[in-house]
Amino acid sequence: NRSEGNPALWSRASSTLSGTERERLLEEIHRPHWQRVESEIRRLLEQGSEPRPVVHVAVHSFAPVLDGRVRRFDVGLLYDPRRAPEAGLAARWQRSLRRALPHLAVWRNHPYRGWTDGLPTRMRERFAPDLYLGIELEVSQRRLGLDGSLPVGLAPVFADSLEQADASLPAPGISHCVARGTGVQFRGGGNRPGRRSPPT
C-alpha cells in the first residue's frame, strides 16, 4: 500500500528478496494495481455529461497487537481530514457502521493516519476533493477467518452501510471504485450493476 521508494513498502517477509525479485513484484503486482485504480477512477469521472464523485475504498487488515501494544478496536476508517467531503463521508460511515455492528468498535484514522503515504494519498494528488473521496477500510485480523477472509455476512454490511453513508453526498449518483488487494471491484451509482475485474 506504499509508494515506490518508501522503505515501508516491503514487509518483513519480503525484506530478504533480491533486487531482481523486488523489481518483478513491482512490475507484476504493484504498478499494475496502482495504474488500474487510477485509470478506472478517470474512466468513471468521464462518464456522463457531468462528473460524479468517485468513492475509492481500499481494504486492508491490521494486526490486533503490534510491538506489544494492543489495538482495542475492530474497524478503522482512514481519510484525510483536510478534505471536507472525505471527512464527512468517514464520519457518516462510522455512525452507519456502529448502528449496523454495535458489537464492533469502529474508530477513525486508526491504526494509521489516513493522509500518510499510500494509494489514496497518491490519488488525492491527482483528483479534486469534490470528485475523489479515498477511504481506507482497516479490519482487525482477529475478525477475519482462518484463511484471512471476511466472515460471511460482514462484507455486505460494509457495503450497505457505505451506501447509507454516502446517500447524502451532493450528487445525483455516486460512482464507486472499491479496491482490495490486487483485485479491483467497480460499482456504478444508481441501478448500475457491479462487476469484478480479474486480479492484476
# chains A, B, ... in the order shown; residues from 1 in each chain; ligands from 1

call {"tool": "residues_around", "arguments": {"residues": "stretch 37-42 of chain A", "least_positions_apart": "2", "cutoff": "7 Å", "atoms": "only C-alpha atoms", "output": "list of chain:residue names"}}
result
A:His33, A:Trp34, A:Gln35, A:Leu44, A:Leu45, A:Glu46, A:Val54, A:Met123, A:Cys177

call {"tool": "write_last_selection", "arguments": {"atoms": "C-alpha atoms", "output": "compact mmCIF listing (two decimals), in the first residue's frame"}}
result
# COMPACT_ATOMS: atom_id res chain seq x y z
CA HIS A 33 -2.65 -2.24 -9.44
CA TRP A 34 -1.94 1.45 -8.89
CA GLN A 35 -2.26 2.21 -12.60
CA LEU A 44 -15.73 6.81 -14.03
CA LEU A 45 -15.25 10.57 -13.82
CA GLU A 46 -15.51 10.89 -17.60
CA VAL A 54 -15.87 8.62 -7.05
CA MET A 123 -4.93 9.65 -5.91
CA CYS A 177 -14.30 2.24 -7.16

call {"tool": "select_by_dssp", "arguments": {"residues": "chain A", "states": "alpha helix (DSSP H)", "output": "ChimeraX atom specification"}}
result
/A:19-25,31-45,84-100,119-126,154-165

call {"tool": "residues_around", "arguments": {"residues": "stretch 99-106 of chain A", "least_positions_apart": "5", "cutoff": "10 Å", "atoms": "only C-alpha atoms", "output": "count of residues only"}}
result
16

call {"tool": "closest_residue", "arguments": {"among": "A:Leu26, A:Glu163, A:Gly88, A:Leu78", "to": "A:Asp117", "atoms": "only C-alpha atoms"}}
result
A:Leu78

call {"tool": "residues_around", "arguments": {"residues": "A:Arg113", "least_positions_apart": "5", "cutoff": "10 Å", "atoms": "only C-alpha atoms", "output": "list in words"}}
result
Leu77, Leu78, Tyr79, Asp80, Pro81, Arg108 and Glu136 of chain A

call {"tool": "select_by_dssp", "arguments": {"residues": "stretch 29-78 of chain A", "states": "strand (DSSP E)", "output": "ChimeraX atom specification"}}
result
/A:54-62,65-66,69-70,75-78
